[in-house]
file work21.cif (mmCIF, C-alpha atoms and all ligand atoms)
data_query
#
loop_
_atom_site.label_atom_id
_atom_site.label_comp_id
_atom_site.auth_asym_id
_atom_site.auth_seq_id
_atom_site.Cartn_x
_atom_site.Cartn_y
_atom_site.Cartn_z
CA MET A 1 139.21 -4.32 -1.86
CA ILE A 2 139.79 -7.87 -3.01
CA SER A 3 137.18 -10.17 -1.52
CA ARG A 4 137.50 -13.31 -3.65
CA TYR A 5 140.00 -15.91 -2.57
CA ARG A 6 141.32 -19.23 -3.86
CA PHE A 7 142.30 -21.92 -1.40
CA GLN A 8 144.90 -23.71 -3.48
CA ALA A 9 146.13 -27.12 -2.39
CA GLY A 10 149.30 -28.49 -3.95
CA THR A 11 153.00 -28.35 -3.29
CA VAL A 12 153.45 -24.69 -2.31
CA GLY A 13 152.06 -22.32 0.31
CA PRO A 14 152.76 -21.41 3.92
CA TRP A 15 150.37 -23.97 5.40
CA ARG A 16 151.35 -27.64 5.73
CA ILE A 17 148.31 -29.91 5.38
CA ASP A 18 148.40 -32.51 8.18
CA ARG A 19 145.14 -34.29 7.51
CA ILE A 20 142.02 -34.21 5.35
CA SER A 21 138.97 -35.98 6.82
CA ALA A 22 135.63 -36.45 5.05
CA VAL A 23 133.01 -35.78 7.75
CA ARG A 24 129.91 -35.90 5.53
CA GLY A 25 129.88 -36.72 1.82
CA ALA A 26 132.97 -36.92 -0.38
CA GLY A 27 136.41 -35.84 0.80
CA LEU A 28 139.16 -34.03 -1.09
CA PRO A 29 142.37 -35.46 -2.57
CA ALA A 30 145.51 -35.50 -0.45
CA ALA A 31 147.95 -32.61 -0.85
CA ALA A 32 151.02 -31.35 0.98
CA ARG A 33 150.52 -27.57 1.23
CA LEU A 34 147.87 -24.88 1.04
CA ALA A 35 148.08 -21.30 -0.18
CA ILE A 36 145.32 -18.71 0.22
CA LEU A 37 145.46 -16.47 -2.80
CA PRO A 38 143.53 -13.30 -3.67
CA GLU A 39 141.83 -13.47 -7.04
CA PRO A 40 141.94 -12.60 -9.83
CA ASP A 41 145.61 -11.65 -9.32
CA SER A 42 146.92 -15.18 -8.85
CA PRO A 43 147.41 -17.34 -11.94
CA PRO A 44 146.35 -21.01 -11.69
CA ASP A 45 149.21 -23.25 -10.63
CA GLY A 46 147.75 -26.67 -11.47
CA GLY A 47 147.82 -27.96 -7.89
CA ALA A 48 145.84 -30.85 -6.39
CA TRP A 49 142.58 -28.93 -5.93
CA ALA A 50 141.27 -25.42 -5.49
CA LEU A 51 138.22 -24.01 -3.72
CA HIS A 52 136.94 -20.46 -4.16
CA GLY A 53 134.98 -18.15 -1.90
CA VAL A 54 134.07 -14.54 -1.40
CA ILE A 55 133.82 -12.49 1.75
CA SER A 56 130.20 -11.40 1.80
CA ASN A 57 127.67 -9.58 3.95
CA LEU A 58 126.26 -11.07 7.12
CA ARG A 59 123.02 -13.02 6.79
CA TYR A 60 121.89 -13.91 10.29
CA ALA A 61 123.79 -12.01 12.99
CA THR A 62 121.80 -9.33 14.85
CA GLY A 63 123.21 -5.97 15.87
CA ASP A 64 123.78 -7.18 19.42
CA GLU A 65 125.53 -10.31 18.19
CA VAL A 66 127.77 -8.34 15.87
CA ALA A 67 128.69 -5.96 18.69
CA GLY A 68 129.44 -8.91 20.97
CA LEU A 69 131.61 -10.56 18.35
CA ARG A 70 133.51 -7.38 17.54
CA ALA A 71 134.33 -6.89 21.22
CA VAL A 72 136.14 -10.24 21.53
CA GLN A 73 137.05 -11.70 18.15
CA PRO A 74 140.74 -11.68 17.26
CA GLY A 75 142.06 -10.96 13.79
CA LEU A 76 143.63 -13.53 11.47
CA GLY A 77 147.40 -13.87 11.28
CA ARG A 78 148.31 -13.73 14.99
CA ALA A 79 151.90 -14.86 15.49
CA GLU A 80 150.91 -17.58 17.97
CA ALA A 81 148.08 -18.98 15.83
CA ARG A 82 150.17 -21.55 13.99
CA ALA A 83 147.37 -24.12 13.67
CA ALA A 84 144.38 -23.80 11.35
CA ALA A 85 141.33 -25.63 10.10
CA LEU A 86 139.69 -25.22 6.70
CA ILE A 87 136.19 -26.71 6.80
CA PRO A 88 134.23 -26.51 3.53
CA ILE A 89 130.50 -27.04 4.12
CA ARG A 90 127.54 -27.73 1.84
CA LYS A 91 123.96 -27.53 3.09
CA THR A 92 120.96 -29.41 1.69
CA GLN A 93 118.43 -28.12 -0.79
CA ALA A 94 115.87 -28.32 2.05
CA TRP A 95 117.91 -25.66 3.91
CA TRP A 96 118.05 -23.35 0.93
CA ASP A 97 114.32 -23.80 0.33
CA LEU A 98 113.54 -22.40 3.80
CA PRO A 99 112.71 -18.70 4.16
CA GLN A 100 115.27 -16.45 5.81
CA ASP A 101 113.48 -16.24 9.17
CA ALA A 102 113.23 -20.02 9.46
CA ARG A 103 116.94 -20.42 8.66
CA ARG A 104 117.87 -17.79 11.24
CA ALA A 105 115.70 -19.55 13.85
CA ILE A 106 117.38 -22.92 13.25
CA PHE A 107 120.84 -21.32 13.14
CA GLU A 108 120.61 -19.34 16.37
CA GLU A 109 117.43 -19.75 18.44
CA THR A 110 117.49 -23.57 18.10
CA SER A 111 121.18 -24.37 17.49
CA HIS A 112 122.85 -21.43 19.30
CA HIS A 113 125.61 -21.28 16.69
CA THR A 114 126.89 -17.83 17.61
CA ARG A 115 126.30 -18.17 21.34
CA THR A 116 128.21 -21.46 21.43
CA GLY A 117 130.96 -20.23 19.13
CA MET A 118 131.56 -17.14 21.27
CA GLU A 119 132.61 -19.37 24.17
CA TYR A 120 135.70 -20.21 22.10
CA LEU A 121 136.73 -16.61 21.46
CA PRO A 122 139.27 -15.06 21.57
CA GLN A 123 141.25 -18.31 21.27
CA VAL A 124 139.88 -18.99 17.77
CA ALA A 125 140.05 -16.46 14.92
CA ARG A 126 137.62 -17.13 12.09
CA ARG A 127 136.66 -16.16 8.57
CA LEU A 128 133.55 -17.17 6.63
CA LEU A 129 133.58 -17.21 2.84
CA HIS A 130 130.55 -17.84 0.63
CA SER A 131 130.88 -20.14 -2.37
CA ARG A 132 127.36 -21.22 -3.32
CA ASP A 133 126.69 -18.44 -5.81
CA LEU A 134 130.02 -19.16 -7.52
CA GLY A 135 128.79 -22.64 -8.50
CA GLU A 136 131.37 -24.28 -6.25
CA PRO A 137 131.11 -27.81 -4.79
CA PHE A 138 130.64 -26.34 -1.27
CA ASP A 139 128.38 -23.51 -0.11
CA PHE A 140 130.84 -22.14 2.45
CA LEU A 141 134.53 -22.16 3.20
CA THR A 142 135.13 -21.73 6.91
CA TRP A 143 138.64 -20.92 8.13
CA PHE A 144 139.88 -20.96 11.73
CA GLU A 145 143.26 -20.08 13.28
CA PHE A 146 144.37 -20.90 16.83
CA HIS A 147 147.36 -21.73 19.00
CA PRO A 148 148.14 -25.45 18.65
CA ALA A 149 147.45 -25.82 22.39
CA HIS A 150 143.81 -24.90 21.72
CA GLU A 151 143.14 -27.57 19.10
CA ALA A 152 141.40 -29.90 21.59
CA GLU A 153 138.98 -27.08 22.54
CA PHE A 154 138.32 -26.45 18.88
CA ASP A 155 137.57 -30.16 18.44
CA ALA A 156 135.12 -29.95 21.33
CA LEU A 157 133.37 -27.02 19.60
CA LEU A 158 133.01 -29.12 16.45
CA VAL A 159 131.40 -31.97 18.42
CA ARG A 160 128.85 -29.51 19.82
CA MET A 161 128.15 -27.87 16.44
CA ARG A 162 127.72 -31.19 14.65
CA ALA A 163 125.10 -32.26 17.21
CA THR A 164 122.81 -29.28 16.46
CA ALA A 165 119.66 -29.03 14.35
CA GLU A 166 121.61 -26.78 11.97
CA TRP A 167 123.87 -29.69 11.12
CA ASP A 168 120.83 -31.83 10.13
CA TYR A 169 121.03 -29.66 7.00
CA VAL A 170 124.74 -30.26 6.36
CA GLU A 171 125.30 -32.82 3.62
CA GLY A 172 128.93 -32.04 2.76
CA GLU A 173 131.72 -31.35 5.25
CA VAL A 174 135.47 -31.87 5.03
CA ASP A 175 137.79 -31.16 7.95
CA ILE A 176 141.27 -30.06 6.84
CA ARG A 177 143.91 -29.40 9.52
CA LEU A 178 146.98 -27.31 8.87
CA ARG A 179 150.12 -25.98 10.53
CA LEU A 180 152.60 -23.23 9.80
CA ASP A 181 156.09 -24.75 9.79
C1 LIG B 201 134.73 -20.24 16.56
C2 LIG B 201 133.53 -19.84 16.94
C3 LIG B 201 132.46 -19.48 15.95
C4 LIG B 201 131.76 -18.32 15.93
C5 LIG B 201 131.87 -17.18 16.92
C6 LIG B 201 130.88 -18.38 14.78
C7 LIG B 201 130.00 -17.38 14.42
C8 LIG B 201 129.25 -17.36 13.28
C9 LIG B 201 128.34 -16.33 12.91
C10 LIG B 201 128.05 -15.06 13.71
C11 LIG B 201 127.78 -16.67 11.72
C12 LIG B 201 126.68 -15.91 10.98
C13 LIG B 201 127.23 -14.99 9.92
C14 LIG B 201 126.04 -14.29 9.24
O1 LIG B 201 125.32 -13.54 9.94
O2 LIG B 201 125.85 -14.49 8.03
C15 LIG B 201 128.36 -17.93 11.33
C16 LIG B 201 128.07 -18.59 10.17
C17 LIG B 201 128.59 -19.81 9.84
N1 LIG B 201 129.45 -20.58 10.57
FE1 LIG B 201 130.19 -20.12 12.39
N2 LIG B 201 131.05 -19.57 14.15
C18 LIG B 201 132.00 -20.28 14.82
C19 LIG B 201 132.44 -21.54 14.52
C20 LIG B 201 132.07 -22.27 13.42
C21 LIG B 201 132.53 -23.60 13.11
C22 LIG B 201 133.50 -24.42 13.96
C23 LIG B 201 131.98 -23.95 11.91
C24 LIG B 201 132.13 -25.18 11.08
C25 LIG B 201 132.46 -26.36 11.48
C26 LIG B 201 131.16 -22.84 11.48
C27 LIG B 201 130.46 -22.79 10.31
C28 LIG B 201 129.68 -21.74 9.89
C29 LIG B 201 128.95 -21.74 8.66
C30 LIG B 201 128.93 -22.83 7.59
C31 LIG B 201 128.26 -20.53 8.62
C32 LIG B 201 127.32 -20.05 7.52
C33 LIG B 201 125.94 -20.56 7.85
C34 LIG B 201 124.88 -20.18 6.84
O3 LIG B 201 124.95 -19.06 6.29
O4 LIG B 201 123.99 -21.01 6.60
N3 LIG B 201 131.22 -21.86 12.43
N4 LIG B 201 129.24 -18.33 12.30
#
call {"tool": "encode", "arguments": {"input": "work21.cif", "output": "structure tokens"}}
result
Amino acid sequence: MISRYRFQAGTVGPWRIDRISAVRGAGLPAAARLAILPEPDSPPDGGAWALHGVISNLRYATGDEVAGLRAVQPGLGRAEARAAALIPIRKTQAWWDLPQDARRAIFEETSHHTRTGMEYLPQVARRLLHSRDLGEPFDFLTWFEFHPAHEAEFDALLVRMRATAEWDYVEGEVDIRLRLD
């Protein structure tokens, strides 16, 4: 199974890039389209920029949380989900220096990441890719798909997430919004 993907911005791809906003730290150059390509099968196309990530194992979710997520989370590629967000995120060295149990406690017991996020399911489909161990500029690539009518709710989720203790450890975040056209 291919688990490494390239998010290639440039002039081709099914997704039209509507806006790229730097939330924390540097942004990314403007581009017209985005393609999500499995690697290593896809040759470089010299587009505006590319970010890489792998689908990895879970780090923090408990058995109960995983069961709860599986019961409600939709898959990617629903016909009605013609809006998407790609949000690359980099956390601080202070985060990575914490032991696993302390990171889990900030992530869930203090910040309620999963509990809050579940309120927005099944409207939002999501995928988390890990990039840190690839030496990429971001630690994570987060990808979300939803009906365009649910974009305001998704924005409200972002406001709540960015106000949490977890986000005190976010030093790089870019919010990229896309549409299928
Ligand atoms: C839509 C509802 C959401 C749900 C249900 C959700 C759920 C989760 C879960 C369960 C994990 C833990 C995975 C693991 O155990 O390793 C996770 C990780 C993560 N999520 Fe979310 N999430 C949601 C929305 C978001 C949003 C909007 C963002 C970004 C703006 C985001 C960014 C992240 C990041 C960066 C991680 C990795 C954290 C780390 O490993 O330090 N999530 N999410």
call {"tool": "atom_distance", "arguments": {"input": "work21.cif", "atom1": "atom C4 of ligand LIG 201 (chain B)", "atom2": "atom CA of Leu28 of chain A"}}
result
24.3 Å
call {"tool": "closest_atom_pairs", "arguments": {"input": "work21.cif", "of": "segment 4-122 of chain A", "to": "segment 143-154 of chain A", "cutoff": "6 Å", "atoms": "all atoms listed in the file", "output": "tab-separated table"}}
result
residue	atom	partner	partner_atom	distance
A:Glu80	CA	A:His147	CA	5.6
A:Ala81	CA	A:His147	CA	4.3
A:Arg82	CA	A:His147	CA	5.7
A:Ala83	CA	A:Pro148	CA	5.2
A:Ala84	CA	A:Glu145	CA	4.3
A:Ala85	CA	A:Phe144	CA	5.2
A:Leu86	CA	A:Trp143	CA	4.7
call {"tool": "write_last_selection", "arguments": {"input": "work21.cif", "atoms": "C-alpha atoms", "output": "mmCIF file, in the frame of the given file"}}
result
data_model
loop_
_atom_site.group_PDB
_atom_site.id
_atom_site.type_symbol
_atom_site.label_atom_id
_atom_site.label_comp_id
_atom_site.auth_asym_id
_atom_site.auth_seq_id
_atom_site.Cartn_x
_atom_site.Cartn_y
_atom_site.Cartn_z
ATOM 1 C CA GLU A 80 150.910 -17.580 17.970
ATOM 2 C CA ALA A 81 148.080 -18.980 15.830
ATOM 3 C CA ARG A 82 150.170 -21.550 13.990
ATOM 4 C CA ALA A 83 147.370 -24.120 13.670
ATOM 5 C CA ALA A 84 144.380 -23.800 11.350
ATOM 6 C CA ALA A 85 141.330 -25.630 10.100
ATOM 7 C CA LEU A 86 139.690 -25.220 6.700
#
call {"tool": "residues_around", "arguments": {"input": "work21.cif", "residues": "Gly172 of chain A", "least_positions_apart": "4", "cutoff": "8 Å", "atoms": "only C-alpha atoms", "output": "ChimeraX atom specification"}}
result
/A:23-26,88-91,138
call {"tool": "atom_distance", "arguments": {"input": "work21.cif", "atom1": "atom N1 of ligand LIG 201 (chain B)", "atom2": "atom CA of Thr110 of chain A"}}
result
14.4 Å
call {"tool": "atom_distance", "arguments": {"input": "work21.cif", "atom1": "atom CA of Tyr5 of chain A", "atom2": "atom CA of Trp49 of chain A"}}
result
13.7 Å
call {"tool": "closest_residue", "arguments": {"input": "work21.cif", "among": "A:Phe7, A:Tyr169, A:Phe140, A:Trp96", "to": "ligand LIG 201 (chain B)", "atoms": "only C-alpha atoms and all ligand atoms"}}
result
A:Phe140
call {"tool": "residues_near_point", "arguments": {"input": "work21.cif", "point": "(125.6, -26.9, 12.6)", "cutoff": "10 Å", "atoms": "all atoms listed in the file", "output": "ChimeraX atom specification"}}
result
/A:89,91,106-108,111-113,158-170
call {"tool": "write_last_selection", "arguments": {"input": "work21.cif", "atoms": "C-alpha atoms", "output": "PDB file, in the frame of the given file"}}
result
ATOM      1  CA  ILE A  89     130.500 -27.040   4.120  1.00  0.00           C
ATOM      2  CA  LYS A  91     123.960 -27.530   3.090  1.00  0.00           C
ATOM      3  CA  ILE A 106     117.380 -22.920  13.250  1.00  0.00           C
ATOM      4  CA  PHE A 107     120.840 -21.320  13.140  1.00  0.00           C
ATOM      5  CA  GLU A 108     120.610 -19.340  16.370  1.00  0.00           C
ATOM      6  CA  SER A 111     121.180 -24.370  17.490  1.00  0.00           C
ATOM      7  CA  HIS A 112     122.850 -21.430  19.300  1.00  0.00           C
ATOM      8  CA  HIS A 113     125.610 -21.280  16.690  1.00  0.00           C
ATOM      9  CA  LEU A 158     133.010 -29.120  16.450  1.00  0.00           C
ATOM     10  CA  VAL A 159     131.400 -31.970  18.420  1.00  0.00           C
ATOM     11  CA  ARG A 160     128.850 -29.510  19.820  1.00  0.00           C
ATOM     12  CA  MET A 161     128.150 -27.870  16.440  1.00  0.00           C
ATOM     13  CA  ARG A 162     127.720 -31.190  14.650  1.00  0.00           C
ATOM     14  CA  ALA A 163     125.100 -32.260  17.210  1.00  0.00           C
ATOM     15  CA  THR A 164     122.810 -29.280  16.460  1.00  0.00           C
ATOM     16  CA  ALA A 165     119.660 -29.030  14.350  1.00  0.00           C
ATOM     17  CA  GLU A 166     121.610 -26.780  11.970  1.00  0.00           C
ATOM     18  CA  TRP A 167     123.870 -29.690  11.120  1.00  0.00           C
ATOM     19  CA  ASP A 168     120.830 -31.830  10.130  1.00  0.00           C
ATOM     20  CA  TYR A 169     121.030 -29.660   7.000  1.00  0.00           C
ATOM     21  CA  VAL A 170     124.740 -30.260   6.360  1.00  0.00           C
TER      22      VAL A 170
END
call {"tool": "residues_around", "arguments": {"input": "work21.cif", "residues": "Trp15 of chain A", "least_positions_apart": "4", "cutoff": "8 Å", "atoms": "all atoms listed in the file", "output": "PyMOL selection string"}}
result
chain A and resi 33-35+178-181
call {"tool": "residues_around", "arguments": {"input": "work21.cif", "residues": "Gly68 of chain A", "least_positions_apart": "5", "cutoff": "9 Å", "atoms": "only C-alpha atoms", "output": "VMD selection string"}}
result
chain A and resid 63 73 118
call {"tool": "build_atoms", "arguments": {"input": "work21.cif", "residues": "segment 84-95 of chain A", "atoms": "all heavy atoms", "output": "compact mmCIF listing (two decimals), keeping the file's coordinate frame"}}
result
# COMPACT_ATOMS: atom_id res chain seq x y z
N ALA A 84 145.58 -24.28 12.05
CA ALA A 84 144.38 -23.80 11.35
C ALA A 84 143.52 -24.98 10.92
O ALA A 84 143.97 -26.12 10.85
CB ALA A 84 144.76 -22.96 10.15
N ALA A 85 142.25 -24.66 10.69
CA ALA A 85 141.33 -25.63 10.10
C ALA A 85 140.60 -24.95 8.95
O ALA A 85 140.14 -23.81 9.09
CB ALA A 85 140.33 -26.12 11.14
N LEU A 86 140.53 -25.64 7.83
CA LEU A 86 139.69 -25.22 6.70
C LEU A 86 138.56 -26.25 6.62
O LEU A 86 138.84 -27.44 6.44
CB LEU A 86 140.50 -25.21 5.40
CG LEU A 86 139.68 -25.02 4.12
CD1 LEU A 86 138.97 -23.68 4.08
CD2 LEU A 86 140.59 -25.18 2.88
N ILE A 87 137.33 -25.78 6.80
CA ILE A 87 136.19 -26.71 6.80
C ILE A 87 135.17 -26.25 5.75
O ILE A 87 134.34 -25.37 6.03
CB ILE A 87 135.55 -26.80 8.20
CG1 ILE A 87 136.64 -27.15 9.24
CG2 ILE A 87 134.44 -27.85 8.21
CD1 ILE A 87 136.12 -27.35 10.66
N PRO A 88 135.25 -26.81 4.54
CA PRO A 88 134.23 -26.51 3.53
C PRO A 88 132.92 -27.21 3.91
O PRO A 88 132.94 -28.35 4.37
CB PRO A 88 134.81 -27.11 2.24
CG PRO A 88 136.25 -27.41 2.54
CD PRO A 88 136.31 -27.67 4.01
N ILE A 89 131.81 -26.52 3.71
CA ILE A 89 130.50 -27.04 4.12
C ILE A 89 129.48 -26.83 3.00
O ILE A 89 129.45 -25.77 2.37
CB ILE A 89 130.03 -26.33 5.41
CG1 ILE A 89 130.93 -26.80 6.56
CG2 ILE A 89 128.55 -26.59 5.70
CD1 ILE A 89 130.48 -26.41 7.93
N ARG A 90 128.67 -27.86 2.77
CA ARG A 90 127.54 -27.73 1.84
C ARG A 90 126.26 -28.10 2.58
O ARG A 90 126.20 -29.12 3.27
CB ARG A 90 127.72 -28.65 0.62
CG ARG A 90 126.65 -28.47 -0.46
CD ARG A 90 126.87 -29.36 -1.69
NE ARG A 90 126.88 -30.76 -1.33
CZ ARG A 90 127.96 -31.52 -1.22
NH1 ARG A 90 129.17 -31.02 -1.45
NH2 ARG A 90 127.88 -32.78 -0.87
N LYS A 91 125.25 -27.25 2.46
CA LYS A 91 123.96 -27.53 3.09
C LYS A 91 122.98 -28.10 2.06
O LYS A 91 123.18 -27.96 0.85
CB LYS A 91 123.41 -26.25 3.75
CG LYS A 91 124.20 -25.89 5.02
CD LYS A 91 123.62 -24.72 5.79
CE LYS A 91 124.27 -24.61 7.17
NZ LYS A 91 123.80 -23.42 7.91
N THR A 92 121.91 -28.72 2.57
CA THR A 92 120.96 -29.41 1.69
C THR A 92 120.05 -28.43 0.97
O THR A 92 119.87 -27.28 1.39
CB THR A 92 120.07 -30.35 2.52
OG1 THR A 92 119.36 -29.55 3.49
CG2 THR A 92 120.88 -31.42 3.25
N GLN A 93 119.42 -28.93 -0.08
CA GLN A 93 118.43 -28.12 -0.79
C GLN A 93 117.30 -27.72 0.16
O GLN A 93 116.76 -26.60 0.07
CB GLN A 93 117.87 -28.89 -2.00
CG GLN A 93 117.02 -28.05 -2.93
CD GLN A 93 117.77 -26.85 -3.51
OE1 GLN A 93 118.91 -26.97 -3.96
NE2 GLN A 93 117.16 -25.66 -3.47
N ALA A 94 116.95 -28.62 1.09
CA ALA A 94 115.87 -28.32 2.05
C ALA A 94 116.21 -27.06 2.86
O ALA A 94 115.33 -26.24 3.16
CB ALA A 94 115.66 -29.51 2.99
N TRP A 95 117.48 -26.88 3.19
CA TRP A 95 117.91 -25.66 3.91
C TRP A 95 117.68 -24.43 3.05
O TRP A 95 117.09 -23.43 3.48
CB TRP A 95 119.39 -25.79 4.28
CG TRP A 95 120.00 -24.52 4.83
CD1 TRP A 95 120.70 -23.58 4.11
CD2 TRP A 95 119.95 -24.04 6.18
NE1 TRP A 95 121.10 -22.55 4.94
CE2 TRP A 95 120.66 -22.82 6.22
CE3 TRP A 95 119.39 -24.54 7.36
CZ2 TRP A 95 120.82 -22.08 7.38
CZ3 TRP A 95 119.55 -23.81 8.53
CH2 TRP A 95 120.26 -22.60 8.54
